[in-house]
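So the structure is just underneath, and the comments pick up after that.
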Amino acid sequence: MGKKISLILDGFVRNNPTFVLVLGMCPTLATTTSAVNGLAMGLATLFVLVFSNMAISAIAPMVPDKVHIPVYIVVIATFVTVLQLLMQAFVPSVYATLGLFIPLIVVNCIVLGRAEAFANKNGVVASALDGIGVGLGFTVSLTVIGIVREILGSGSVFGWKFIAGDGILAFVMAPGAFLVLGYLMALFNKYLKK
Amino acid sequence: MVLCLTAVCLLCGALLGLVYAATGDAIQAASLKALQASIGQVLPEGGEISEAVTLEEEDQTFEYYVSSKDGKTLGYAVKSVVSGFGGPLTLMVGVLPDGTVYNTSVLSHSETPGLGAKCATDPAFVAQWKGFPASKALKLKKDGGDVDAITASTITSRAYTLAVANAVAVVAFLEGKSGDVDASTGASSENWGG
């Protein structure tokens, strides 16, 4: 039991995809313009990560080494497309704001990275837990970046506006994304990572 | 090796086919609902909405819906697509027969979140389209017209204005007030005035 919990916790701190592994920077920088966008992107990635980790750990022993990357990418792309279709069908309003970024999950290094570094060497259950841990770590990181950028850039949190006016526009755009990410990474590594 | 890759692709293809078949109806229903909601929003209440009509004019296609009551045309809802800052910007524009803009609604866009994306939410920007009279010029104030732009999103505002102007041109054509549709396709190619 303790091992299972530590597998999940690892994804938060020791293997935090954003602040420690520094993977998946493209969606991190692009989608965190607001807290809701960050949260939704994180959850979408979590879904793909759990299912692709499970599928890959199940088929890994049968896949020849030479073609393992193409096979993993096909599996990941399949789950991303499934997610896209499901969102389009059942939560069209979320899809309207996030649809643009969903296909990007295919090329998110976190998903392929976990398949390579963890899922192909471990069992289905452990891989699912690893997917949950890393996915939640990614979700929390993206949400925190989104909250900071939304406060500074738009004067609101989760769409609730508490400062009138426009905020510091730079934080909504790419330079602000890099600044916030850099400062949060420094804080994270100083206080949380041992 | 080839066998493995083929098998994986077949399996993934089958899974995708299943999910697509299962979600196809729901996706269509959701997009139809969104379309109907946007038509209802941009036209006066009480009219009977026609089926989609397409108008082809100089290699441009416009789709519109006519709202009529007792044989009298109440207004037209024109689907208007232009290129915005980040990709296609699709609007539903309600125009009364005399050329007054009744209301507008964004069907889809890929503008910058926090900047151009405000074209769908910014209260002042959205409100100015309600009852925009035919006598006013459909151009941004900085281009010598009567439209207030969104701060720091000139290109999006310009594209939005162009989409409305195109819709008004289509209605003028339909009402027989002008010989041809005087519409252009995008704002991105015009000057990049910030």
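As shown in the structure tokens, the chain order sets the letters A, B, ...; within each chain, residues go from 1, and ligands are also counted from 1 in the order they appear.
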
Which residues of range 5-69 of chain A have any atom within 12 Å of an atom in range 106-120 of chain A when counting only C-alpha atoms, and what is the closest pair of atoms for each, with the distance in Å to one decimal? Order the rows by chain and rising number and write it as JSON lines.
```
{"residue": "A:Leu7", "atom": "CA", "partner": "A:Phe118", "partner_atom": "CA", "distance": 10.9}
{"residue": "A:Gly11", "atom": "CA", "partner": "A:Arg114", "partner_atom": "CA", "distance": 10.4}
{"residue": "A:Asn15", "atom": "CA", "partner": "A:Arg114", "partner_atom": "CA", "distance": 10.2}
{"residue": "A:Asn16", "atom": "CA", "partner": "A:Ile110", "partner_atom": "CA", "distance": 10.2}
{"residue": "A:Pro17", "atom": "CA", "partner": "A:Ile110", "partner_atom": "CA", "distance": 6.8}
{"residue": "A:Thr18", "atom": "CA", "partner": "A:Ile110", "partner_atom": "CA", "distance": 9.1}
{"residue": "A:Val20", "atom": "CA", "partner": "A:Ile110", "partner_atom": "CA", "distance": 11.8}
{"residue": "A:Leu21", "atom": "CA", "partner": "A:Ile110", "partner_atom": "CA", "distance": 8.7}
{"residue": "A:Val22", "atom": "CA", "partner": "A:Ile110", "partner_atom": "CA", "distance": 9.0}
{"residue": "A:Leu23", "atom": "CA", "partner": "A:Ile110", "partner_atom": "CA", "distance": 5.6}
{"residue": "A:Gly24", "atom": "CA", "partner": "A:Asn108", "partner_atom": "CA", "distance": 5.1}
{"residue": "A:Met25", "atom": "CA", "partner": "A:Asn108", "partner_atom": "CA", "distance": 8.1}
{"residue": "A:Cys26", "atom": "CA", "partner": "A:Asn108", "partner_atom": "CA", "distance": 7.6}
{"residue": "A:Pro27", "atom": "CA", "partner": "A:Asn108", "partner_atom": "CA", "distance": 7.6}
{"residue": "A:Thr28", "atom": "CA", "partner": "A:Asn108", "partner_atom": "CA", "distance": 9.8}
{"residue": "A:Met41", "atom": "CA", "partner": "A:Asn108", "partner_atom": "CA", "distance": 11.5}
{"residue": "A:Gly42", "atom": "CA", "partner": "A:Ile110", "partner_atom": "CA", "distance": 11.4}
{"residue": "A:Ala44", "atom": "CA", "partner": "A:Val106", "partner_atom": "CA", "distance": 11.3}
{"residue": "A:Thr45", "atom": "CA", "partner": "A:Val111", "partner_atom": "CA", "distance": 8.0}
{"residue": "A:Leu46", "atom": "CA", "partner": "A:Val111", "partner_atom": "CA", "distance": 9.1}
{"residue": "A:Phe47", "atom": "CA", "partner": "A:Val111", "partner_atom": "CA", "distance": 10.5}
{"residue": "A:Val48", "atom": "CA", "partner": "A:Val111", "partner_atom": "CA", "distance": 7.7}
{"residue": "A:Leu49", "atom": "CA", "partner": "A:Val111", "partner_atom": "CA", "distance": 5.6}
{"residue": "A:Val50", "atom": "CA", "partner": "A:Val111", "partner_atom": "CA", "distance": 9.0}
{"residue": "A:Phe51", "atom": "CA", "partner": "A:Val111", "partner_atom": "CA", "distance": 10.1}
{"residue": "A:Ser52", "atom": "CA", "partner": "A:Ala115", "partner_atom": "CA", "distance": 7.6}
{"residue": "A:Asn53", "atom": "CA", "partner": "A:Ala119", "partner_atom": "CA", "distance": 5.4}
{"residue": "A:Met54", "atom": "CA", "partner": "A:Ala119", "partner_atom": "CA", "distance": 7.2}
{"residue": "A:Ala55", "atom": "CA", "partner": "A:Ala119", "partner_atom": "CA", "distance": 8.7}
{"residue": "A:Ile56", "atom": "CA", "partner": "A:Ala119", "partner_atom": "CA", "distance": 6.3}
{"residue": "A:Ser57", "atom": "CA", "partner": "A:Ala119", "partner_atom": "CA", "distance": 4.7}
{"residue": "A:Ala58", "atom": "CA", "partner": "A:Asn120", "partner_atom": "CA", "distance": 8.1}
{"residue": "A:Ile59", "atom": "CA", "partner": "A:Asn120", "partner_atom": "CA", "distance": 8.2}
{"residue": "A:Ala60", "atom": "CA", "partner": "A:Asn120", "partner_atom": "CA", "distance": 5.3}
{"residue": "A:Pro61", "atom": "CA", "partner": "A:Asn120", "partner_atom": "CA", "distance": 7.6}
{"residue": "A:Met62", "atom": "CA", "partner": "A:Asn120", "partner_atom": "CA", "distance": 10.4}
{"residue": "A:Val63", "atom": "CA", "partner": "A:Asn120", "partner_atom": "CA", "distance": 9.7}
{"residue": "A:Pro64", "atom": "CA", "partner": "A:Asn120", "partner_atom": "CA", "distance": 11.8}
{"residue": "A:Asp65", "atom": "CA", "partner": "A:Asn120", "partner_atom": "CA", "distance": 10.9}
{"residue": "A:His68", "atom": "CA", "partner": "A:Glu116", "partner_atom": "CA", "distance": 9.1}
{"residue": "A:Ile69", "atom": "CA", "partner": "A:Leu112", "partner_atom": "CA", "distance": 8.4}
```

Requested in this report: Name all residues at most 12 Å from range 22-28 of chain B (count only C-alpha atoms; drop same-chain ones fewer than 5 positions away) and give them as number ranges by chain.
Outcome: A: 81-93, 95; B: 15-17, 33-35

For chain B, list the residues within 12 Å of chain A, counting only C-alpha atoms, and write the list as a PDB file with N, CA and C atoms, in the first residue's frame.
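Result file follows (iface_7.pdb):
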```pdb
ATOM      1  N   MET B   1       7.884  -7.733 -36.552  1.00  0.00           N
ATOM      2  CA  MET B   1       7.975  -6.261 -36.491  1.00  0.00           C
ATOM      3  C   MET B   1       6.844  -5.612 -37.289  1.00  0.00           C
ATOM      4  N   VAL B   2       6.772  -5.982 -38.595  1.00  0.00           N
ATOM      5  CA  VAL B   2       5.692  -5.450 -39.431  1.00  0.00           C
ATOM      6  C   VAL B   2       4.351  -5.932 -38.894  1.00  0.00           C
ATOM      7  N   LEU B   3       4.342  -7.196 -38.486  1.00  0.00           N
ATOM      8  CA  LEU B   3       3.109  -7.805 -37.980  1.00  0.00           C
ATOM      9  C   LEU B   3       2.605  -7.035 -36.767  1.00  0.00           C
ATOM     10  N   CYS B   4       3.554  -6.744 -35.855  1.00  0.00           N
ATOM     11  CA  CYS B   4       3.188  -6.060 -34.615  1.00  0.00           C
ATOM     12  C   CYS B   4       2.606  -4.681 -34.899  1.00  0.00           C
ATOM     13  N   LEU B   5       3.282  -3.946 -35.766  1.00  0.00           N
ATOM     14  CA  LEU B   5       2.825  -2.591 -36.089  1.00  0.00           C
ATOM     15  C   LEU B   5       1.451  -2.630 -36.759  1.00  0.00           C
ATOM     16  N   THR B   6       1.289  -3.622 -37.682  1.00  0.00           N
ATOM     17  CA  THR B   6       0.002  -3.765 -38.356  1.00  0.00           C
ATOM     18  C   THR B   6      -1.102  -4.065 -37.358  1.00  0.00           C
ATOM     19  N   ALA B   7      -0.812  -4.989 -36.448  1.00  0.00           N
ATOM     20  CA  ALA B   7      -1.825  -5.378 -35.470  1.00  0.00           C
ATOM     21  C   ALA B   7      -2.226  -4.190 -34.603  1.00  0.00           C
ATOM     22  N   VAL B   8      -1.210  -3.443 -34.135  1.00  0.00           N
ATOM     23  CA  VAL B   8      -1.506  -2.296 -33.276  1.00  0.00           C
ATOM     24  C   VAL B   8      -2.356  -1.268 -34.024  1.00  0.00           C
ATOM     25  N   CYS B   9      -1.980  -0.998 -35.270  1.00  0.00           N
ATOM     26  CA  CYS B   9      -2.727  -0.003 -36.051  1.00  0.00           C
ATOM     27  C   CYS B   9      -4.149  -0.469 -36.313  1.00  0.00           C
ATOM     28  N   LEU B  10      -4.316  -1.767 -36.597  1.00  0.00           N
ATOM     29  CA  LEU B  10      -5.657  -2.300 -36.829  1.00  0.00           C
ATOM     30  C   LEU B  10      -6.518  -2.137 -35.589  1.00  0.00           C
ATOM     31  N   LEU B  11      -5.944  -2.511 -34.433  1.00  0.00           N
ATOM     32  CA  LEU B  11      -6.682  -2.413 -33.172  1.00  0.00           C
ATOM     33  C   LEU B  11      -7.085  -0.966 -32.897  1.00  0.00           C
ATOM     34  N   CYS B  12      -6.102  -0.063 -33.045  1.00  0.00           N
ATOM     35  CA  CYS B  12      -6.374   1.344 -32.769  1.00  0.00           C
ATOM     36  C   CYS B  12      -7.417   1.885 -33.732  1.00  0.00           C
ATOM     37  N   GLY B  13      -7.292   1.488 -35.006  1.00  0.00           N
ATOM     38  CA  GLY B  13      -8.269   1.927 -35.997  1.00  0.00           C
ATOM     39  C   GLY B  13      -9.665   1.456 -35.650  1.00  0.00           C
ATOM     40  N   ALA B  14      -9.762   0.200 -35.210  1.00  0.00           N
ATOM     41  CA  ALA B  14     -11.060  -0.346 -34.847  1.00  0.00           C
ATOM     42  C   ALA B  14     -11.654   0.408 -33.656  1.00  0.00           C
ATOM     43  N   LEU B  15     -10.801   0.687 -32.672  1.00  0.00           N
ATOM     44  CA  LEU B  15     -11.263   1.415 -31.484  1.00  0.00           C
ATOM     45  C   LEU B  15     -11.776   2.802 -31.875  1.00  0.00           C
ATOM     46  N   LEU B  16     -11.005   3.485 -32.738  1.00  0.00           N
ATOM     47  CA  LEU B  16     -11.398   4.830 -33.175  1.00  0.00           C
ATOM     48  C   LEU B  16     -12.726   4.785 -33.928  1.00  0.00           C
ATOM     49  N   GLY B  17     -12.863   3.763 -34.798  1.00  0.00           N
ATOM     50  CA  GLY B  17     -14.105   3.623 -35.546  1.00  0.00           C
ATOM     51  C   GLY B  17     -15.291   3.467 -34.624  1.00  0.00           C
ATOM     52  N   LEU B  18     -15.116   2.630 -33.590  1.00  0.00           N
ATOM     53  CA  LEU B  18     -16.187   2.400 -32.617  1.00  0.00           C
ATOM     54  C   LEU B  18     -16.582   3.692 -31.920  1.00  0.00           C
ATOM     55  N   VAL B  19     -15.572   4.392 -31.393  1.00  0.00           N
ATOM     56  CA  VAL B  19     -15.861   5.623 -30.649  1.00  0.00           C
ATOM     57  C   VAL B  19     -16.505   6.657 -31.561  1.00  0.00           C
ATOM     58  N   TYR B  20     -16.005   6.728 -32.810  1.00  0.00           N
ATOM     59  CA  TYR B  20     -16.563   7.700 -33.751  1.00  0.00           C
ATOM     60  C   TYR B  20     -18.027   7.394 -34.021  1.00  0.00           C
ATOM     61  N   ALA B  21     -18.324   6.108 -34.224  1.00  0.00           N
ATOM     62  CA  ALA B  21     -19.703   5.717 -34.494  1.00  0.00           C
ATOM     63  C   ALA B  21     -20.588   6.020 -33.292  1.00  0.00           C
ATOM     64  N   ALA B  22     -20.022   5.801 -32.095  1.00  0.00           N
ATOM     65  CA  ALA B  22     -20.823   5.990 -30.889  1.00  0.00           C
ATOM     66  C   ALA B  22     -21.075   7.461 -30.584  1.00  0.00           C
ATOM     67  N   THR B  23     -20.124   8.308 -30.959  1.00  0.00           N
ATOM     68  CA  THR B  23     -20.275   9.714 -30.592  1.00  0.00           C
ATOM     69  C   THR B  23     -20.805  10.586 -31.733  1.00  0.00           C
ATOM     70  N   GLY B  24     -20.826  10.039 -32.957  1.00  0.00           N
ATOM     71  CA  GLY B  24     -21.194  10.835 -34.121  1.00  0.00           C
ATOM     72  C   GLY B  24     -22.509  11.590 -33.953  1.00  0.00           C
ATOM     73  N   ASP B  25     -23.552  10.877 -33.511  1.00  0.00           N
ATOM     74  CA  ASP B  25     -24.864  11.517 -33.359  1.00  0.00           C
ATOM     75  C   ASP B  25     -24.833  12.620 -32.322  1.00  0.00           C
ATOM     76  N   ALA B  26     -24.175  12.333 -31.187  1.00  0.00           N
ATOM     77  CA  ALA B  26     -24.125  13.320 -30.109  1.00  0.00           C
ATOM     78  C   ALA B  26     -23.373  14.571 -30.555  1.00  0.00           C
ATOM     79  N   ILE B  27     -22.296  14.372 -31.339  1.00  0.00           N
ATOM     80  CA  ILE B  27     -21.522  15.529 -31.808  1.00  0.00           C
ATOM     81  C   ILE B  27     -22.368  16.380 -32.744  1.00  0.00           C
ATOM     82  N   GLN B  28     -23.100  15.716 -33.654  1.00  0.00           N
ATOM     83  CA  GLN B  28     -23.947  16.462 -34.577  1.00  0.00           C
ATOM     84  C   GLN B  28     -25.041  17.203 -33.844  1.00  0.00           C
ATOM     85  N   ALA B  29     -25.649  16.518 -32.862  1.00  0.00           N
ATOM     86  CA  ALA B  29     -26.719  17.154 -32.099  1.00  0.00           C
ATOM     87  C   ALA B  29     -26.189  18.378 -31.367  1.00  0.00           C
ATOM     88  N   ALA B  30     -24.971  18.243 -30.794  1.00  0.00           N
ATOM     89  CA  ALA B  30     -24.402  19.353 -30.036  1.00  0.00           C
ATOM     90  C   ALA B  30     -24.102  20.541 -30.931  1.00  0.00           C
ATOM     91  N   SER B  31     -23.572  20.267 -32.138  1.00  0.00           N
ATOM     92  CA  SER B  31     -23.227  21.405 -32.995  1.00  0.00           C
ATOM     93  C   SER B  31     -24.490  22.034 -33.578  1.00  0.00           C
ATOM     94  N   LEU B  32     -25.511  21.217 -33.833  1.00  0.00           N
ATOM     95  CA  LEU B  32     -26.783  21.753 -34.319  1.00  0.00           C
ATOM     96  C   LEU B  32     -27.420  22.637 -33.254  1.00  0.00           C
ATOM     97  N   LYS B  33     -27.337  22.172 -32.000  1.00  0.00           N
ATOM     98  CA  LYS B  33     -27.913  22.933 -30.889  1.00  0.00           C
ATOM     99  C   LYS B  33     -27.206  24.283 -30.752  1.00  0.00           C
ATOM    100  N   ALA B  34     -25.871  24.251 -30.875  1.00  0.00           N
ATOM    101  CA  ALA B  34     -25.103  25.497 -30.764  1.00  0.00           C
ATOM    102  C   ALA B  34     -25.489  26.454 -31.888  1.00  0.00           C
ATOM    103  N   GLY B  86      -5.557  34.431 -35.157  1.00  0.00           N
ATOM    104  CA  GLY B  86      -5.005  33.103 -34.919  1.00  0.00           C
ATOM    105  C   GLY B  86      -5.600  32.020 -35.782  1.00  0.00           C
ATOM    106  N   GLY B  87      -6.458  32.378 -36.742  1.00  0.00           N
ATOM    107  CA  GLY B  87      -7.109  31.363 -37.557  1.00  0.00           C
ATOM    108  C   GLY B  87      -8.484  31.859 -37.954  1.00  0.00           C
ATOM    109  N   VAL B 106     -20.414  34.731 -31.647  1.00  0.00           N
ATOM    110  CA  VAL B 106     -19.223  34.040 -32.145  1.00  0.00           C
ATOM    111  C   VAL B 106     -19.491  32.540 -32.165  1.00  0.00           C
ATOM    112  N   LEU B 107     -19.355  31.916 -33.330  1.00  0.00           N
ATOM    113  CA  LEU B 107     -19.545  30.463 -33.421  1.00  0.00           C
ATOM    114  C   LEU B 107     -18.250  29.742 -33.078  1.00  0.00           C
ATOM    115  N   SER B 108     -17.133  30.207 -33.630  1.00  0.00           N
ATOM    116  CA  SER B 108     -15.856  29.598 -33.286  1.00  0.00           C
ATOM    117  C   SER B 108     -14.747  30.584 -33.595  1.00  0.00           C
ATOM    118  N   HIS B 109     -13.676  30.505 -32.840  1.00  0.00           N
ATOM    119  CA  HIS B 109     -12.537  31.380 -33.099  1.00  0.00           C
ATOM    120  C   HIS B 109     -11.291  30.724 -32.544  1.00  0.00           C
ATOM    121  N   SER B 110     -10.119  31.200 -32.972  1.00  0.00           N
ATOM    122  CA  SER B 110      -8.883  30.719 -32.366  1.00  0.00           C
ATOM    123  C   SER B 110      -8.005  31.928 -32.051  1.00  0.00           C
ATOM    124  N   GLU B 111      -8.615  32.963 -31.477  1.00  0.00           N
ATOM    125  CA  GLU B 111      -7.868  34.173 -31.136  1.00  0.00           C
ATOM    126  C   GLU B 111      -7.094  33.958 -29.833  1.00  0.00           C
ATOM    127  N   THR B 112      -6.133  34.847 -29.562  1.00  0.00           N
ATOM    128  CA  THR B 112      -5.302  34.729 -28.361  1.00  0.00           C
ATOM    129  C   THR B 112      -6.155  34.797 -27.097  1.00  0.00           C
ATOM    130  N   PRO B 113      -6.054  33.792 -26.224  1.00  0.00           N
ATOM    131  CA  PRO B 113      -6.818  33.858 -24.973  1.00  0.00           C
ATOM    132  C   PRO B 113      -6.402  35.094 -24.173  1.00  0.00           C
ATOM    133  N   GLY B 114      -7.370  35.778 -23.608  1.00  0.00           N
ATOM    134  CA  GLY B 114      -7.074  36.960 -22.795  1.00  0.00           C
ATOM    135  C   GLY B 114      -6.938  38.229 -23.602  1.00  0.00           C
ATOM    136  N   LEU B 115      -6.739  38.109 -24.921  1.00  0.00           N
ATOM    137  CA  LEU B 115      -6.671  39.306 -25.760  1.00  0.00           C
ATOM    138  C   LEU B 115      -7.785  39.251 -26.797  1.00  0.00           C
ATOM    139  N   GLY B 116      -7.462  38.701 -27.971  1.00  0.00           N
ATOM    140  CA  GLY B 116      -8.457  38.646 -29.032  1.00  0.00           C
ATOM    141  C   GLY B 116      -9.681  37.818 -28.659  1.00  0.00           C
ATOM    142  N   ALA B 117      -9.486  36.826 -27.784  1.00  0.00           N
ATOM    143  CA  ALA B 117     -10.606  35.972 -27.399  1.00  0.00           C
ATOM    144  C   ALA B 117     -11.692  36.768 -26.698  1.00  0.00           C
ATOM    145  N   LYS B 118     -11.358  37.983 -26.244  1.00  0.00           N
ATOM    146  CA  LYS B 118     -12.364  38.831 -25.603  1.00  0.00           C
ATOM    147  C   LYS B 118     -13.466  39.244 -26.569  1.00  0.00           C
ATOM    148  N   ALA B 120     -15.523  37.576 -27.876  1.00  0.00           N
ATOM    149  CA  ALA B 120     -16.744  36.840 -27.568  1.00  0.00           C
ATOM    150  C   ALA B 120     -17.314  37.237 -26.208  1.00  0.00           C
ATOM    151  N   THR B 121     -16.497  37.885 -25.355  1.00  0.00           N
ATOM    152  CA  THR B 121     -16.946  38.100 -23.974  1.00  0.00           C
ATOM    153  C   THR B 121     -16.926  39.554 -23.528  1.00  0.00           C
ATOM    154  N   ASP B 122     -16.029  40.378 -24.099  1.00  0.00           N
ATOM    155  CA  ASP B 122     -15.884  41.752 -23.609  1.00  0.00           C
ATOM    156  C   ASP B 122     -17.225  42.488 -23.693  1.00  0.00           C
ATOM    157  N   ILE B 150     -11.204  46.320 -29.361  1.00  0.00           N
ATOM    158  CA  ILE B 150     -10.799  45.788 -28.067  1.00  0.00           C
ATOM    159  C   ILE B 150      -9.355  46.225 -27.830  1.00  0.00           C
ATOM    160  N   THR B 151      -9.048  46.654 -26.609  1.00  0.00           N
ATOM    161  CA  THR B 151      -7.690  47.096 -26.302  1.00  0.00           C
ATOM    162  C   THR B 151      -6.673  46.026 -26.660  1.00  0.00           C
ATOM    163  N   ALA B 152      -5.627  46.391 -27.354  1.00  0.00           N
ATOM    164  CA  ALA B 152      -4.516  45.504 -27.709  1.00  0.00           C
ATOM    165  C   ALA B 152      -4.915  44.360 -28.635  1.00  0.00           C
ATOM    166  N   SER B 153      -6.080  44.435 -29.251  1.00  0.00           N
ATOM    167  CA  SER B 153      -6.507  43.370 -30.167  1.00  0.00           C
ATOM    168  C   SER B 153      -7.076  43.971 -31.444  1.00  0.00           C
TER     169      SER B 153
END
```

Report task. From a DSSP pass on the backbone, collect the residues of range 8-193 of chain B flagged as strand (DSSP E or B) and hand them back as an MDAnalysis selection string. Result -> chainID B and resid 48:49 53:57 60:69 72:83 88:95 101:108 132 140 147 186

I need the chosen residues saved as a compact mmCIF listing (two decimals), in the first residue's frame, with N, CA and C atoms.
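Wrote out_39.txt, looks like this:
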```txt
# COMPACT_ATOMS: atom_id res chain seq x y z
N GLU B 48 -40.19 32.51 -37.93
CA GLU B 48 -39.95 31.11 -38.25
C GLU B 48 -38.65 31.02 -39.03
N ILE B 49 -37.72 30.19 -38.54
CA ILE B 49 -36.38 30.13 -39.14
C ILE B 49 -36.39 29.13 -40.29
N VAL B 53 -29.66 28.25 -46.32
CA VAL B 53 -29.59 28.57 -47.74
C VAL B 53 -28.14 28.96 -48.02
N THR B 54 -27.61 28.50 -49.14
CA THR B 54 -26.25 28.92 -49.46
C THR B 54 -26.25 29.86 -50.65
N LEU B 55 -25.39 30.84 -50.54
CA LEU B 55 -25.26 31.84 -51.59
C LEU B 55 -23.83 31.80 -52.07
N GLU B 56 -23.65 31.51 -53.35
CA GLU B 56 -22.29 31.48 -53.88
C GLU B 56 -22.07 32.70 -54.74
N GLU B 57 -21.03 33.41 -54.42
CA GLU B 57 -20.77 34.66 -55.13
C GLU B 57 -19.28 34.85 -55.23
N GLN B 60 -16.88 32.83 -53.19
CA GLN B 60 -17.12 32.83 -51.74
C GLN B 60 -18.49 32.23 -51.48
N THR B 61 -18.59 31.44 -50.42
CA THR B 61 -19.87 30.84 -50.10
C THR B 61 -20.37 31.39 -48.77
N PHE B 62 -21.59 31.83 -48.74
CA PHE B 62 -22.19 32.25 -47.49
C PHE B 62 -23.38 31.37 -47.19
N GLU B 63 -23.55 31.06 -45.91
CA GLU B 63 -24.70 30.27 -45.51
C GLU B 63 -25.59 31.20 -44.70
N TYR B 64 -26.85 31.22 -45.01
CA TYR B 64 -27.72 32.09 -44.20
C TYR B 64 -29.08 31.44 -43.94
N TYR B 65 -29.74 31.98 -42.94
CA TYR B 65 -31.05 31.50 -42.53
C TYR B 65 -31.99 32.70 -42.53
N VAL B 66 -33.19 32.51 -43.04
CA VAL B 66 -34.14 33.62 -43.10
C VAL B 66 -35.19 33.41 -42.01
N SER B 67 -35.47 34.48 -41.28
CA SER B 67 -36.52 34.43 -40.30
C SER B 67 -37.71 35.22 -40.84
N SER B 68 -38.86 34.56 -40.90
CA SER B 68 -40.01 35.28 -41.46
C SER B 68 -41.26 35.02 -40.62
N LYS B 69 -42.21 35.94 -40.71
CA LYS B 69 -43.47 35.81 -40.00
C LYS B 69 -44.57 36.34 -40.90
N LYS B 72 -43.65 37.89 -44.14
CA LYS B 72 -42.78 39.06 -44.10
C LYS B 72 -41.42 38.67 -43.53
N THR B 73 -40.36 39.14 -44.16
CA THR B 73 -39.03 38.79 -43.67
C THR B 73 -38.66 39.64 -42.46
N LEU B 74 -38.38 38.94 -41.36
CA LEU B 74 -38.00 39.67 -40.14
C LEU B 74 -36.50 39.99 -40.14
N GLY B 75 -35.71 39.07 -40.67
CA GLY B 75 -34.27 39.30 -40.67
C GLY B 75 -33.53 38.10 -41.22
N TYR B 76 -32.24 38.25 -41.37
CA TYR B 76 -31.39 37.18 -41.87
C TYR B 76 -30.31 36.89 -40.84
N ALA B 77 -30.00 35.61 -40.65
CA ALA B 77 -28.83 35.24 -39.84
C ALA B 77 -27.78 34.71 -40.82
N VAL B 78 -26.68 35.43 -40.94
CA VAL B 78 -25.66 35.06 -41.92
C VAL B 78 -24.45 34.51 -41.19
N LYS B 79 -24.02 33.33 -41.64
CA LYS B 79 -22.80 32.75 -41.09
C LYS B 79 -21.64 33.37 -41.86
N SER B 80 -20.75 34.03 -41.16
CA SER B 80 -19.71 34.80 -41.83
C SER B 80 -18.35 34.36 -41.33
N VAL B 81 -17.49 33.93 -42.24
CA VAL B 81 -16.15 33.44 -41.86
C VAL B 81 -15.09 34.38 -42.43
N VAL B 82 -14.19 34.85 -41.59
CA VAL B 82 -13.05 35.63 -42.06
C VAL B 82 -11.81 35.08 -41.36
N SER B 83 -10.62 35.50 -41.81
CA SER B 83 -9.46 35.04 -41.04
C SER B 83 -9.12 36.09 -40.00
N PRO B 88 -9.33 30.96 -38.47
CA PRO B 88 -10.65 31.41 -38.91
C PRO B 88 -11.50 31.93 -37.74
N LEU B 89 -12.23 32.98 -38.03
CA LEU B 89 -13.16 33.55 -37.05
C LEU B 89 -14.55 33.41 -37.66
N THR B 90 -15.42 32.65 -37.03
CA THR B 90 -16.74 32.39 -37.59
C THR B 90 -17.80 33.06 -36.72
N LEU B 91 -18.58 33.92 -37.34
CA LEU B 91 -19.63 34.63 -36.61
C LEU B 91 -20.99 34.28 -37.17
N MET B 92 -22.02 34.39 -36.33
CA MET B 92 -23.39 34.40 -36.80
C MET B 92 -23.85 35.85 -36.65
N VAL B 93 -24.21 36.46 -37.76
CA VAL B 93 -24.60 37.87 -37.72
C VAL B 93 -26.07 38.00 -38.10
N GLY B 94 -26.85 38.58 -37.21
CA GLY B 94 -28.26 38.82 -37.50
C GLY B 94 -28.42 40.21 -38.10
N VAL B 95 -29.00 40.25 -39.31
CA VAL B 95 -29.16 41.55 -39.97
C VAL B 95 -30.64 41.72 -40.34
N VAL B 101 -27.72 45.91 -37.98
CA VAL B 101 -27.25 44.68 -37.35
C VAL B 101 -28.07 44.46 -36.09
N TYR B 102 -28.79 43.33 -35.99
CA TYR B 102 -29.61 43.09 -34.82
C TYR B 102 -28.76 42.62 -33.65
N ASN B 103 -27.89 41.64 -33.91
CA ASN B 103 -26.97 41.16 -32.87
C ASN B 103 -25.95 40.24 -33.54
N THR B 104 -24.84 39.96 -32.84
CA THR B 104 -23.85 39.04 -33.39
C THR B 104 -23.50 38.00 -32.34
N SER B 105 -22.98 36.88 -32.81
CA SER B 105 -22.57 35.85 -31.87
C SER B 105 -21.40 35.08 -32.48
N VAL B 106 -20.41 34.73 -31.65
CA VAL B 106 -19.22 34.04 -32.14
C VAL B 106 -19.49 32.54 -32.17
N LEU B 107 -19.36 31.92 -33.33
CA LEU B 107 -19.54 30.46 -33.42
C LEU B 107 -18.25 29.74 -33.08
N SER B 108 -17.13 30.21 -33.63
CA SER B 108 -15.86 29.60 -33.29
C SER B 108 -14.75 30.58 -33.60
N PHE B 132 -26.67 47.86 -34.28
CA PHE B 132 -25.71 48.74 -34.98
C PHE B 132 -26.38 49.26 -36.25
N LEU B 140 -13.20 50.15 -37.89
CA LEU B 140 -12.72 50.58 -36.58
C LEU B 140 -12.57 52.09 -36.55
N VAL B 147 -16.58 51.78 -35.08
CA VAL B 147 -16.53 50.60 -34.22
C VAL B 147 -15.40 50.76 -33.19
N GLY B 186 -10.28 38.49 -45.35
CA GLY B 186 -9.55 38.46 -44.10
C GLY B 186 -8.93 39.78 -43.74
```

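Going from CA of Glu45 in chain B over to CA of Lys139 in chain B, you cover 28.1 Å.
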
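Take the candidates A:Asp10, A:Gly2, A:Ala170, A:Ala128 and check each one against Arg149 in chain A using only C-alpha atoms; the shortest distance goes to A:Ala170.
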
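Considering the residues A:Ile105, A:Ile145, A:Leu184, A:Ile163 and counting only C-alpha atoms, Leu43 in chain A has its shortest atom-to-atom contact with A:Ile105.
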
Query - Selected residue of minimal separation from Val144 in chain A among A:Ala126, A:Ala186, A:Leu39, A:Ile102, counting only C-alpha atoms - result: A:Leu39

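Here CA of Lys136 in chain B is placed at a distance of 16.3 Å from CA of Ser157 in chain B.
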